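Shown next: my_file.txt, given as compact mmCIF, C-alpha atoms and all ligand atoms.
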# COMPACT_ATOMS: atom_id res chain seq x y z
CA ASP A 166 -25.49 -10.24 -2.72
CA TYR A 167 -23.82 -9.10 0.48
CA TRP A 168 -20.36 -8.95 -1.09
CA TYR A 169 -21.07 -8.02 -4.73
CA SER A 170 -23.37 -5.75 -6.71
CA LYS A 171 -25.52 -7.53 -9.33
CA ASN A 172 -23.57 -5.86 -12.09
CA ILE A 173 -20.25 -7.18 -10.78
CA GLN A 174 -21.69 -10.65 -10.16
CA ILE A 175 -22.71 -10.90 -13.81
CA LYS A 176 -19.35 -9.67 -15.11
CA LEU A 177 -17.42 -12.09 -12.90
CA ALA A 178 -19.70 -14.98 -13.81
CA LEU A 179 -19.16 -14.29 -17.49
CA ILE A 180 -15.35 -14.29 -17.15
CA LYS A 181 -15.53 -17.49 -15.13
CA TYR A 182 -17.71 -19.12 -17.77
CA ILE A 183 -15.18 -18.29 -20.49
CA ILE A 184 -12.25 -19.55 -18.42
CA PHE A 185 -13.97 -22.84 -17.65
CA ASN A 186 -14.26 -23.45 -21.39
CA ILE A 187 -10.48 -23.34 -21.87
CA LYS A 188 -9.43 -26.87 -22.80
CA ASN A 189 -5.77 -26.81 -21.76
CA ASN A 190 -5.72 -27.27 -17.98
CA ASP A 191 -2.45 -25.44 -17.35
CA ILE A 192 -3.62 -22.38 -19.24
CA LYS A 193 -7.00 -22.57 -17.56
CA ASN A 194 -5.39 -22.58 -14.11
CA PHE A 195 -3.07 -19.75 -15.05
CA VAL A 196 -5.93 -17.53 -16.19
CA LEU A 197 -7.99 -18.61 -13.21
CA LEU A 198 -5.41 -17.06 -10.87
CA THR A 199 -6.10 -13.64 -12.34
CA PHE A 200 -9.82 -14.25 -12.15
CA LEU A 201 -9.66 -15.16 -8.45
CA ASP A 202 -7.60 -12.06 -7.73
CA THR A 203 -10.24 -10.03 -9.61
CA ALA A 204 -13.07 -11.67 -7.67
CA ARG A 205 -11.46 -10.60 -4.41
CA THR A 206 -10.66 -7.09 -5.60
CA PHE A 207 -14.25 -6.41 -6.72
CA SER A 208 -15.85 -7.72 -3.54
CA TYR A 209 -17.00 -5.23 -0.92
CA THR A 210 -14.38 -6.44 1.52
CA ARG A 211 -12.29 -3.89 3.37
CA ASN A 212 -8.62 -4.09 2.66
CA ASN A 213 -6.11 -4.14 5.49
CA GLU A 214 -8.49 -5.82 7.89
CA PHE A 215 -7.80 -9.09 9.53
CA LYS A 216 -11.36 -10.34 9.43
CA LEU A 217 -13.81 -10.09 6.58
CA TYR A 218 -15.69 -6.82 6.93
CA ARG A 219 -17.78 -5.09 4.35
CA ILE A 220 -16.88 -1.54 3.30
CA LYS A 221 -19.11 1.35 4.37
CA ILE A 222 -22.29 2.04 2.46
CA ASP A 223 -20.90 5.37 1.11
CA ASP A 224 -17.99 3.54 -0.39
CA ILE A 225 -20.34 1.03 -2.00
CA LEU A 226 -22.03 3.89 -3.86
CA ASP A 227 -18.69 4.99 -5.38
CA PHE A 228 -17.47 1.49 -6.04
CA ASP A 229 -15.54 1.01 -9.29
CA GLU A 230 -17.24 -1.62 -11.42
CA ASP A 231 -14.80 -1.81 -14.32
CA VAL A 232 -14.12 -5.49 -13.82
CA TYR A 233 -13.07 -6.21 -17.40
CA SER A 234 -10.30 -3.60 -17.61
CA TYR A 235 -8.87 -4.72 -14.30
CA PHE A 236 -8.96 -8.38 -15.34
CA ILE A 237 -7.31 -7.78 -18.73
CA ASN A 238 -4.58 -5.55 -17.25
CA ARG A 239 -3.76 -8.00 -14.53
CA LEU A 240 -3.75 -10.91 -16.94
CA SER A 241 -1.31 -9.16 -19.30
CA ASN A 242 0.93 -8.28 -16.36
CA ASN A 243 0.86 -11.84 -15.09
CA ILE A 244 1.72 -13.21 -18.53
CA GLU A 245 4.65 -10.79 -18.83
CA PHE A 246 5.83 -11.62 -15.35
CA TYR A 247 5.60 -15.35 -16.00
CA LYS A 248 7.48 -15.04 -19.27
CA ASN A 249 10.26 -12.88 -17.86
CA TYR A 250 10.80 -14.38 -14.44
CA TYR A 251 9.66 -17.99 -14.44
CA TYR A 252 9.41 -19.42 -17.88
CA LYS A 253 13.12 -19.19 -18.69
CA TYR A 254 13.96 -21.49 -15.80
CA PHE A 255 11.78 -24.27 -17.12
CA LYS A 256 13.78 -24.58 -20.32
CA ASN A 257 16.52 -26.32 -18.37
CA LYS A 258 16.01 -29.96 -17.65
CA ILE A 259 14.90 -29.46 -14.08
CA ASN A 260 12.16 -31.75 -13.00
CA ALA A 261 10.11 -29.55 -10.72
CA LEU A 262 6.88 -30.62 -9.06
CA PHE A 263 4.60 -28.15 -7.33
CA TYR A 264 2.45 -29.07 -4.40
CA ASN A 265 0.13 -26.67 -2.71
CA GLU A 266 -1.16 -28.90 0.02
CA ALA A 267 -0.18 -30.49 3.30
CA PHE A 268 2.84 -32.64 2.55
CA TYR A 269 2.33 -36.35 3.10
CA LYS A 270 4.98 -38.95 2.54
CA LYS A 271 5.16 -39.63 -1.18
CA ASN A 272 6.28 -42.73 -2.98
CA LYS A 273 8.97 -40.68 -4.61
CA TYR A 274 12.08 -39.01 -3.28
CA PHE A 275 13.36 -35.52 -3.94
CA ASP A 276 16.83 -33.98 -4.24
CA VAL A 277 15.56 -30.62 -3.05
CA VAL A 278 12.42 -29.52 -1.26
CA LEU A 279 11.95 -25.77 -1.30
CA THR A 280 8.99 -24.22 0.42
CA SER A 281 7.70 -21.41 2.50
CA PRO A 282 5.51 -22.77 5.27
CA PRO A 283 3.08 -20.53 7.16
CA TYR A 284 4.81 -18.23 9.66
CA GLY A 285 2.29 -18.87 12.41
CA ASP A 286 -1.31 -19.89 12.85
CA SER A 287 -3.54 -18.38 10.23
CA ARG A 288 -5.86 -16.64 12.69
CA THR A 289 -3.20 -14.37 14.10
CA THR A 290 -0.42 -14.21 11.52
CA VAL A 291 -1.35 -13.99 7.86
CA ALA A 292 -5.07 -14.44 7.34
CA TYR A 293 -4.98 -17.06 4.59
CA GLY A 294 -8.54 -18.13 5.35
CA GLN A 295 -9.73 -14.61 4.77
CA PHE A 296 -7.58 -13.98 1.71
CA SER A 297 -8.68 -17.16 0.00
CA PHE A 298 -12.34 -16.86 1.01
CA PHE A 299 -13.64 -15.33 -2.22
CA ALA A 300 -11.48 -17.62 -4.37
CA ASN A 301 -12.88 -20.65 -2.57
CA ILE A 302 -16.45 -19.43 -2.87
CA TRP A 303 -16.09 -18.82 -6.61
CA LEU A 304 -14.54 -22.24 -7.06
CA GLY A 305 -17.50 -23.81 -5.26
CA ASN A 306 -15.54 -25.00 -2.22
CA ASP A 307 -18.09 -25.78 0.50
CA GLU A 308 -15.42 -25.47 3.16
CA ALA A 309 -14.52 -21.86 2.35
CA ARG A 310 -15.52 -20.74 5.83
CA LYS A 311 -13.56 -23.45 7.58
CA ILE A 312 -10.17 -22.92 5.97
CA ASP A 313 -8.54 -21.37 9.04
CA ASN A 314 -9.26 -24.49 11.09
CA MET A 315 -7.73 -26.69 8.42
CA LEU A 316 -4.45 -24.79 8.18
CA MET A 317 -1.27 -25.36 10.12
CA GLY A 318 -1.98 -24.66 13.80
CA GLY A 319 -5.71 -24.41 13.09
CA LYS A 320 -6.72 -27.03 15.64
CA ASN A 321 -5.90 -26.47 19.27
CA LYS A 322 -3.94 -29.45 20.54
CA LYS A 323 -4.27 -28.39 24.20
CA GLN A 324 -0.65 -29.30 24.68
CA LEU A 325 2.41 -27.16 25.41
CA LEU A 326 5.49 -27.80 23.34
CA ASN A 327 8.23 -28.13 25.94
CA ASP A 328 11.06 -29.89 24.12
CA SER A 329 12.26 -27.33 21.62
CA ILE A 330 14.38 -24.26 21.16
CA ILE A 331 11.34 -22.05 21.72
CA ALA A 332 10.16 -23.85 24.89
CA GLU A 333 11.20 -20.92 27.07
CA GLN A 334 9.21 -18.43 24.99
CA ILE A 335 6.14 -20.67 25.09
CA TYR A 336 6.55 -20.98 28.85
CA ASN A 337 6.69 -17.19 29.16
CA ILE A 338 3.60 -16.76 26.99
CA ASP A 339 1.81 -19.37 29.09
CA LYS A 340 2.43 -17.32 32.24
CA ILE A 341 0.56 -14.37 30.71
CA ASP A 342 -2.01 -16.10 28.51
CA SER A 343 -2.34 -19.87 28.55
CA LYS A 344 -4.82 -19.96 25.66
CA ARG A 345 -2.33 -18.17 23.45
CA ALA A 346 0.43 -20.56 24.54
CA PHE A 347 -1.71 -23.50 23.40
CA GLU A 348 -2.36 -21.84 20.04
CA VAL A 349 1.32 -21.11 19.51
CA SER A 350 2.24 -24.68 20.51
CA SER A 351 -0.35 -26.16 18.16
CA PHE A 352 1.25 -24.39 15.25
CA TYR A 353 4.75 -25.60 16.06
CA ILE A 354 3.56 -29.17 16.66
CA ASP A 355 1.99 -29.18 13.18
CA LEU A 356 5.09 -27.62 11.66
CA ARG A 357 7.32 -30.26 13.25
CA ASP A 358 5.05 -33.07 12.00
CA SER A 359 5.12 -31.61 8.52
CA ILE A 360 8.93 -31.40 8.61
CA LYS A 361 9.04 -35.06 9.61
CA ALA A 362 7.01 -36.02 6.54
CA VAL A 363 9.11 -33.82 4.26
CA SER A 364 12.38 -35.21 5.69
CA SER A 365 11.48 -38.78 4.95
CA SER A 366 10.87 -37.90 1.30
CA ILE A 367 14.30 -36.34 0.69
CA ASN A 368 17.17 -38.39 -0.75
CA ASP A 369 20.33 -38.84 1.30
CA GLY A 370 22.54 -35.85 0.54
CA GLY A 371 19.47 -33.90 -0.59
CA TYR A 372 18.51 -30.43 0.59
CA ALA A 373 15.66 -28.71 2.36
CA VAL A 374 15.25 -24.97 1.83
CA TYR A 375 12.67 -23.24 4.02
CA ILE A 376 11.72 -19.58 3.82
CA VAL A 377 10.08 -18.17 6.90
CA GLY A 378 9.49 -15.03 8.94
CA ASN A 379 9.78 -14.83 12.73
CA ARG A 380 7.09 -13.18 14.78
CA ILE A 381 6.53 -11.81 18.22
CA VAL A 382 3.74 -13.07 20.45
CA LYS A 383 3.11 -11.38 23.80
CA ASN A 384 6.45 -9.67 23.44
CA GLU A 385 8.25 -12.99 22.99
CA TYR A 386 10.37 -13.25 19.86
CA LEU A 387 9.80 -16.67 18.33
CA ASN A 388 12.77 -18.03 16.41
CA THR A 389 10.82 -20.04 13.86
CA ASP A 390 13.88 -20.27 11.61
CA LYS A 391 15.84 -21.94 14.41
CA PHE A 392 12.89 -24.15 15.23
CA ILE A 393 12.88 -25.33 11.60
CA ALA A 394 16.61 -26.05 11.72
CA GLU A 395 16.16 -27.93 14.98
CA SER A 396 13.24 -30.00 13.66
CA PHE A 397 15.24 -31.05 10.61
CA GLU A 398 18.26 -31.87 12.75
CA ARG A 399 16.07 -34.32 14.66
CA GLU A 400 15.56 -36.04 11.32
CA ASN A 401 19.28 -36.36 10.58
CA PHE A 402 19.74 -33.18 8.62
CA LYS A 403 22.70 -30.87 9.02
CA HIS A 404 21.97 -27.16 9.23
CA LEU A 405 24.21 -25.55 6.60
CA PHE A 406 23.32 -21.88 6.97
CA THR A 407 20.51 -19.38 7.34
CA TYR A 408 20.27 -16.42 5.02
CA ARG A 409 18.57 -13.32 6.30
CA ARG A 410 16.83 -11.27 3.68
CA ASN A 411 14.99 -8.06 4.22
CA ILE A 412 12.09 -6.89 2.16
CA LYS A 413 14.20 -4.32 0.31
CA ASN A 414 16.01 -7.27 -1.18
CA LYS A 415 19.33 -6.66 0.50
CA ARG A 416 20.90 -9.97 1.18
CA MET A 417 23.34 -10.78 3.89
CA PRO A 418 24.65 -14.16 4.86
CA LEU A 419 24.32 -14.99 8.48
CA LYS A 420 25.73 -17.88 10.43
CA ASN A 421 23.30 -17.57 13.27
CA SER A 422 19.84 -16.16 13.45
CA PRO A 423 19.11 -13.39 15.95
CA THR A 424 19.03 -14.16 19.62
CA ASN A 425 15.94 -14.65 21.72
CA LYS A 426 16.10 -11.11 23.04
CA LYS A 427 12.70 -9.70 23.70
CA GLY A 428 11.44 -6.99 21.39
CA LEU A 429 14.41 -7.31 19.08
CA LEU A 430 12.20 -6.61 16.12
CA SER A 431 8.91 -4.87 16.28
CA ASN A 432 7.80 -5.62 12.76
CA THR A 433 7.88 -9.32 11.93
CA MET A 434 7.30 -8.74 8.25
CA THR A 435 10.49 -6.74 7.59
CA GLU A 436 12.71 -9.75 7.14
CA GLU A 437 12.69 -13.35 6.09
CA PHE A 438 15.01 -16.22 6.83
CA ILE A 439 16.08 -18.81 4.31
CA VAL A 440 17.09 -21.93 6.20
CA VAL A 441 19.19 -24.41 4.24
CA LEU A 442 19.75 -27.97 5.44
CA ARG A 443 21.22 -31.15 4.05
CA LYS A 444 20.26 -34.74 4.77
CA THR A 445 23.31 -36.58 6.09
C1 LIG B 501 4.03 -18.41 3.57
S1 LIG B 501 2.77 -19.06 2.50
C2 LIG B 501 3.72 -19.68 1.18
C3 LIG B 501 2.93 -19.93 -0.06
C4 LIG B 501 3.73 -20.56 -1.19
N1 LIG B 501 4.38 -21.78 -0.74
C5 LIG B 501 4.74 -19.56 -1.71
O1 LIG B 501 5.93 -19.75 -1.45
O2 LIG B 501 4.32 -18.59 -2.34
C6 LIG B 501 2.20 -20.46 3.38
C7 LIG B 501 1.08 -21.23 2.69
O3 LIG B 501 0.78 -22.43 3.41
C8 LIG B 501 -0.59 -22.70 3.28
N2 LIG B 501 -1.00 -23.65 4.33
C9 LIG B 501 -1.15 -23.45 5.65
N3 LIG B 501 -1.51 -24.57 6.28
C10 LIG B 501 -1.60 -25.54 5.33
C11 LIG B 501 -1.94 -26.93 5.36
N4 LIG B 501 -2.27 -27.52 6.50
N5 LIG B 501 -1.92 -27.57 4.20
C12 LIG B 501 -1.57 -26.98 3.05
N6 LIG B 501 -1.23 -25.68 2.97
C13 LIG B 501 -1.25 -24.97 4.08
C14 LIG B 501 -1.22 -21.32 3.39
O4 LIG B 501 -2.50 -21.29 2.86
C15 LIG B 501 -0.23 -20.48 2.58
O5 LIG B 501 -0.61 -20.45 1.24

Show how you would write the structure in this file as structure tokens.
Ligand SMILES: C[S@@+](CC[C@H](N)C(=O)[O-])C[C@H]1O[C@@H](n2cnc3c(N)ncnc32)[C@H](O)[C@@H]1O
Amino acid sequence: DYWYSKNIQIKLALIKYIIFNIKNNDIKNFVLLTFLDTARTFSYTRNNEFKLYRIKIDDILDFDEDVYSYFINRLSNNIEFYKNYYYKYFKNKINALFYNEAFYKKNKYFDVVLTSPPYGDSRTTVAYGQFSFFANIWLGNDEARKIDNMLMGGKNKKQLLNDSIIAEQIYNIDKIDSKRAFEVSSFYIDLRDSIKAVSSSINDGGYAVYIVGNRIVKNEYLNTDKFIAESFERENFKHLFTYRRNIKNKRMPLKNSPTNKKGLLSNTMTEEFIVVLRKT
């Protein structure tokens, strides 16, 4: 009742009921994505806020309640998008498996692992816990409020990472704010552990492709792309190259990622790095 008007609750519940009657699981999941997006859009949450805050009472009075139109439009767009951009690739005989979970060592081996890990801990980088809150609630996940703690870097390890390419930056952060240094370290410790598990599941000669953004904490530029390359190199991978891509979709190949210079970039979300490695 805090996040939805009665009218919207009923409309959402009806759509959910219909979706849960779809027999084919793949189609059900596909449609569910649009539903979960709709459930977030029609909640009284403020956009562009890091934490979950409800919109002002005046805005509640003017709130758009046309849930069905939104849902149908989004669903048609998603179907078009899927058909035009993804579906054609699956006609080739590529055996692709999708995991959306922490990666544990599998009993199978892969030629290529392509992923985009989190760019930093969820509390201060991209608020995945907040963004997925309504989806988790609607799916009946009892742990919806605990997601941030479960994500990469979510548990404070009370340990400073001092044996990596970003050790100096962590040391500098520690001088200003030791709590922050612990949080930053916890994230990179988890990321390194995850890379270890991924590495052991890649065939010899296979590839790892990681897409990541670098961020600045306490004015320290953190070279997460280099950290990823370094972590894979510890597992007998060779760093082939890092592509730098900015949001406008301009691509430029780059042998080395930017230096550790402070304040090199003020906006961490303007570019992404695609780190490509090969198991030797
Ligand atoms: C940069 S996003 C990439 C999402 C997706 N791989 C893609 O490329 O669209 C990072 C994702 O990692 C997820 N994540 C963070 N910590 C995780 C963990 N411990 N286990 C599983 N997923 C996690 C976040 O929820 C988020 O969806």

Proximity to A:Asn243 - best of A:Val196, A:Val291, A:Leu325, A:Ile312, all atoms listed in the file: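 Of all the options, A:Val196 lies closest to A:Asn243.
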
Quiz item: For A:Ile184, which of A:Leu226, A:Leu304, A:Val277, A:Ile259 is the closest residue, counting all atoms listed in the file?
Solution: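 Comparing A:Leu226, A:Leu304, A:Val277, A:Ile259 against A:Ile184, the winner is A:Leu304.
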
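The environment of stretch 292-295 of chain A within 9 Å, counting all atoms listed in the file and disregarding residues fewer than 5 places along the same chain, consists of Phe215, Lys216, Leu217, Asp286, Ser287, Ala309, Arg310, Lys311, Ile312, Asp313, Asn314 and Leu316 of chain A.
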
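The shortest atom-to-atom distance to ligand LIG 501 (chain B), with all atoms listed in the file taken into account, belongs to A:Ile376 out of A:Val363, A:Ile376, A:Ile381, A:Ala300.
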
Ligand LIG 501 (chain B) proximity check over A:Val278, A:Ala267, A:Ile354, A:Leu240, using all atoms listed in the file: winner is A:Ala267

For A:Lys171, the nearest of the candidates A:Phe195, A:Tyr353, A:Phe207, A:Phe185, counting only C-alpha atoms:
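Of A:Phe195, A:Tyr353, A:Phe207, A:Phe185, the one nearest A:Lys171, counting only C-alpha atoms, is A:Phe207.
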
Write as a CSV table (one decimal) with C-alpha atoms, in the frame of the given file the residues around ligand LIG 501 (chain B), taking 12 Å as the cut-off and counting all atoms listed in the file.
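The resulting selection-v9.csv:
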chain,number,residue,atom,x,y,z
A,263,PHE,CA,4.6,-28.2,-7.3
A,264,TYR,CA,2.4,-29.1,-4.4
A,265,ASN,CA,0.1,-26.7,-2.7
A,266,GLU,CA,-1.2,-28.9,0.0
A,267,ALA,CA,-0.2,-30.5,3.3
A,268,PHE,CA,2.8,-32.6,2.6
A,269,TYR,CA,2.3,-36.4,3.1
A,278,VAL,CA,12.4,-29.5,-1.3
A,279,LEU,CA,12.0,-25.8,-1.3
A,280,THR,CA,9.0,-24.2,0.4
A,281,SER,CA,7.7,-21.4,2.5
A,282,PRO,CA,5.5,-22.8,5.3
A,283,PRO,CA,3.1,-20.5,7.2
A,284,TYR,CA,4.8,-18.2,9.7
A,285,GLY,CA,2.3,-18.9,12.4
A,286,ASP,CA,-1.3,-19.9,12.8
A,287,SER,CA,-3.5,-18.4,10.2
A,288,ARG,CA,-5.9,-16.6,12.7
A,290,THR,CA,-0.4,-14.2,11.5
A,291,VAL,CA,-1.4,-14.0,7.9
A,292,ALA,CA,-5.1,-14.4,7.3
A,293,TYR,CA,-5.0,-17.1,4.6
A,294,GLY,CA,-8.5,-18.1,5.4
A,295,GLN,CA,-9.7,-14.6,4.8
A,296,PHE,CA,-7.6,-14.0,1.7
A,297,SER,CA,-8.7,-17.2,0.0
A,298,PHE,CA,-12.3,-16.9,1.0
A,301,ASN,CA,-12.9,-20.6,-2.6
A,312,ILE,CA,-10.2,-22.9,6.0
A,313,ASP,CA,-8.5,-21.4,9.0
A,314,ASN,CA,-9.3,-24.5,11.1
A,315,MET,CA,-7.7,-26.7,8.4
A,316,LEU,CA,-4.4,-24.8,8.2
A,317,MET,CA,-1.3,-25.4,10.1
A,318,GLY,CA,-2.0,-24.7,13.8
A,319,GLY,CA,-5.7,-24.4,13.1
A,320,LYS,CA,-6.7,-27.0,15.6
A,351,SER,CA,-0.4,-26.2,18.2
A,352,PHE,CA,1.2,-24.4,15.2
A,353,TYR,CA,4.8,-25.6,16.1
A,354,ILE,CA,3.6,-29.2,16.7
A,355,ASP,CA,2.0,-29.2,13.2
A,356,LEU,CA,5.1,-27.6,11.7
A,358,ASP,CA,5.0,-33.1,12.0
A,359,SER,CA,5.1,-31.6,8.5
A,374,VAL,CA,15.2,-25.0,1.8
A,375,TYR,CA,12.7,-23.2,4.0
A,376,ILE,CA,11.7,-19.6,3.8
A,377,VAL,CA,10.1,-18.2,6.9
A,378,GLY,CA,9.5,-15.0,8.9
A,379,ASN,CA,9.8,-14.8,12.7
A,434,MET,CA,7.3,-8.7,8.2
A,437,GLU,CA,12.7,-13.4,6.1
A,438,PHE,CA,15.0,-16.2,6.8
A,439,ILE,CA,16.1,-18.8,4.3

Practice task
Would you mind listing what lies within 10 Å of A:Ser170 as an MDAnalysis selection string, with all atoms listed in the file counted and same-chain residues fewer than 5 positions away left out?
Solution key: chainID A and resid 175 207:209 225 228 230

Would you mind completing stretch 247-256 of chain A so that it carries all heavy atoms, and writing it out as a JSON list (two decimals), in the frame of the given file?
[["chain", "number", "residue", "atom", "x", "y", "z"],
["A", 247, "TYR", "N", 5.32, -13.92, -15.85],
["A", 247, "TYR", "CA", 5.60, -15.35, -16.00],
["A", 247, "TYR", "C", 6.67, -15.58, -17.06],
["A", 247, "TYR", "O", 7.62, -16.32, -16.85],
["A", 247, "TYR", "CB", 4.31, -16.08, -16.37],
["A", 247, "TYR", "CG", 4.49, -17.57, -16.52],
["A", 247, "TYR", "CD1", 4.57, -18.39, -15.40],
["A", 247, "TYR", "CD2", 4.62, -18.15, -17.78],
["A", 247, "TYR", "CE1", 4.77, -19.75, -15.53],
["A", 247, "TYR", "CE2", 4.81, -19.50, -17.93],
["A", 247, "TYR", "CZ", 4.89, -20.30, -16.80],
["A", 247, "TYR", "OH", 5.09, -21.64, -16.93],
["A", 248, "LYS", "N", 6.52, -14.86, -18.18],
["A", 248, "LYS", "CA", 7.48, -15.04, -19.27],
["A", 248, "LYS", "C", 8.88, -14.60, -18.85],
["A", 248, "LYS", "O", 9.86, -15.28, -19.11],
["A", 248, "LYS", "CB", 7.05, -14.20, -20.50],
["A", 248, "LYS", "CG", 6.00, -14.89, -21.33],
["A", 248, "LYS", "CD", 5.98, -14.37, -22.77],
["A", 248, "LYS", "CE", 5.74, -12.90, -22.86],
["A", 248, "LYS", "NZ", 5.00, -12.47, -24.04],
["A", 249, "ASN", "N", 8.95, -13.44, -18.17],
["A", 249, "ASN", "CA", 10.26, -12.88, -17.86],
["A", 249, "ASN", "C", 10.94, -13.50, -16.65],
["A", 249, "ASN", "O", 12.15, -13.54, -16.58],
["A", 249, "ASN", "CB", 10.15, -11.37, -17.62],
["A", 249, "ASN", "CG", 9.76, -10.67, -18.90],
["A", 249, "ASN", "OD1", 10.11, -11.13, -19.98],
["A", 249, "ASN", "ND2", 9.01, -9.58, -18.79],
["A", 250, "TYR", "N", 10.17, -13.92, -15.68],
["A", 250, "TYR", "CA", 10.80, -14.38, -14.44],
["A", 250, "TYR", "C", 10.78, -15.88, -14.23],
["A", 250, "TYR", "O", 11.65, -16.42, -13.58],
["A", 250, "TYR", "CB", 10.16, -13.69, -13.23],
["A", 250, "TYR", "CG", 10.44, -12.22, -13.22],
["A", 250, "TYR", "CD1", 9.53, -11.32, -13.76],
["A", 250, "TYR", "CD2", 11.65, -11.74, -12.71],
["A", 250, "TYR", "CE1", 9.80, -9.97, -13.78],
["A", 250, "TYR", "CE2", 11.93, -10.39, -12.73],
["A", 250, "TYR", "CZ", 11.00, -9.50, -13.26],
["A", 250, "TYR", "OH", 11.28, -8.17, -13.29],
["A", 251, "TYR", "N", 9.76, -16.56, -14.72],
["A", 251, "TYR", "CA", 9.66, -17.99, -14.44],
["A", 251, "TYR", "C", 9.99, -18.88, -15.62],
["A", 251, "TYR", "O", 10.71, -19.85, -15.51],
["A", 251, "TYR", "CB", 8.24, -18.35, -13.96],
["A", 251, "TYR", "CG", 7.93, -17.83, -12.59],
["A", 251, "TYR", "CD1", 7.03, -16.79, -12.41],
["A", 251, "TYR", "CD2", 8.54, -18.39, -11.46],
["A", 251, "TYR", "CE1", 6.75, -16.31, -11.15],
["A", 251, "TYR", "CE2", 8.26, -17.91, -10.20],
["A", 251, "TYR", "CZ", 7.37, -16.87, -10.05],
["A", 251, "TYR", "OH", 7.09, -16.40, -8.81],
["A", 252, "TYR", "N", 9.41, -18.52, -16.74],
["A", 252, "TYR", "CA", 9.41, -19.42, -17.88],
["A", 252, "TYR", "C", 10.81, -19.84, -18.28],
["A", 252, "TYR", "O", 11.07, -20.99, -18.59],
["A", 252, "TYR", "CB", 8.69, -18.77, -19.06],
["A", 252, "TYR", "CG", 8.44, -19.69, -20.21],
["A", 252, "TYR", "CD1", 7.57, -20.78, -20.06],
["A", 252, "TYR", "CD2", 9.06, -19.49, -21.44],
["A", 252, "TYR", "CE1", 7.34, -21.64, -21.11],
["A", 252, "TYR", "CE2", 8.82, -20.36, -22.50],
["A", 252, "TYR", "CZ", 7.97, -21.42, -22.32],
["A", 252, "TYR", "OH", 7.74, -22.27, -23.35],
["A", 253, "LYS", "N", 11.76, -18.89, -18.23],
["A", 253, "LYS", "CA", 13.12, -19.19, -18.69],
["A", 253, "LYS", "C", 13.75, -20.33, -17.88],
["A", 253, "LYS", "O", 14.57, -21.07, -18.40],
["A", 253, "LYS", "CB", 13.99, -17.94, -18.66],
["A", 253, "LYS", "CG", 14.09, -17.28, -17.33],
["A", 253, "LYS", "CD", 14.90, -15.99, -17.45],
["A", 253, "LYS", "CE", 14.92, -15.27, -16.12],
["A", 253, "LYS", "NZ", 15.32, -13.89, -16.25],
["A", 254, "TYR", "N", 13.35, -20.45, -16.63],
["A", 254, "TYR", "CA", 13.96, -21.49, -15.80],
["A", 254, "TYR", "C", 13.48, -22.89, -16.18],
["A", 254, "TYR", "O", 14.12, -23.88, -15.89],
["A", 254, "TYR", "CB", 13.67, -21.25, -14.32],
["A", 254, "TYR", "CG", 14.31, -19.99, -13.83],
["A", 254, "TYR", "CD1", 13.55, -18.87, -13.52],
["A", 254, "TYR", "CD2", 15.70, -19.91, -13.71],
["A", 254, "TYR", "CE1", 14.14, -17.70, -13.09],
["A", 254, "TYR", "CE2", 16.30, -18.74, -13.28],
["A", 254, "TYR", "CZ", 15.52, -17.64, -12.97],
["A", 254, "TYR", "OH", 16.11, -16.50, -12.55],
["A", 255, "PHE", "N", 12.32, -22.96, -16.80],
["A", 255, "PHE", "CA", 11.78, -24.27, -17.12],
["A", 255, "PHE", "C", 12.34, -24.84, -18.43],
["A", 255, "PHE", "O", 12.02, -25.94, -18.81],
["A", 255, "PHE", "CB", 10.25, -24.23, -17.17],
["A", 255, "PHE", "CG", 9.69, -23.95, -15.82],
["A", 255, "PHE", "CD1", 8.90, -22.83, -15.61],
["A", 255, "PHE", "CD2", 9.98, -24.76, -14.74],
["A", 255, "PHE", "CE1", 8.40, -22.55, -14.36],
["A", 255, "PHE", "CE2", 9.49, -24.49, -13.49],
["A", 255, "PHE", "CZ", 8.70, -23.37, -13.30],
["A", 256, "LYS", "N", 13.18, -24.06, -19.10],
["A", 256, "LYS", "CA", 13.78, -24.58, -20.32],
["A", 256, "LYS", "C", 14.90, -25.57, -19.98],
["A", 256, "LYS", "O", 15.22, -26.44, -20.75],
["A", 256, "LYS", "CB", 14.31, -23.44, -21.18],
["A", 256, "LYS", "CG", 13.17, -22.65, -21.80],
["A", 256, "LYS", "CD", 13.70, -21.59, -22.73],
["A", 256, "LYS", "CE", 12.56, -20.71, -23.20],
["A", 256, "LYS", "NZ", 13.03, -19.36, -23.48]]
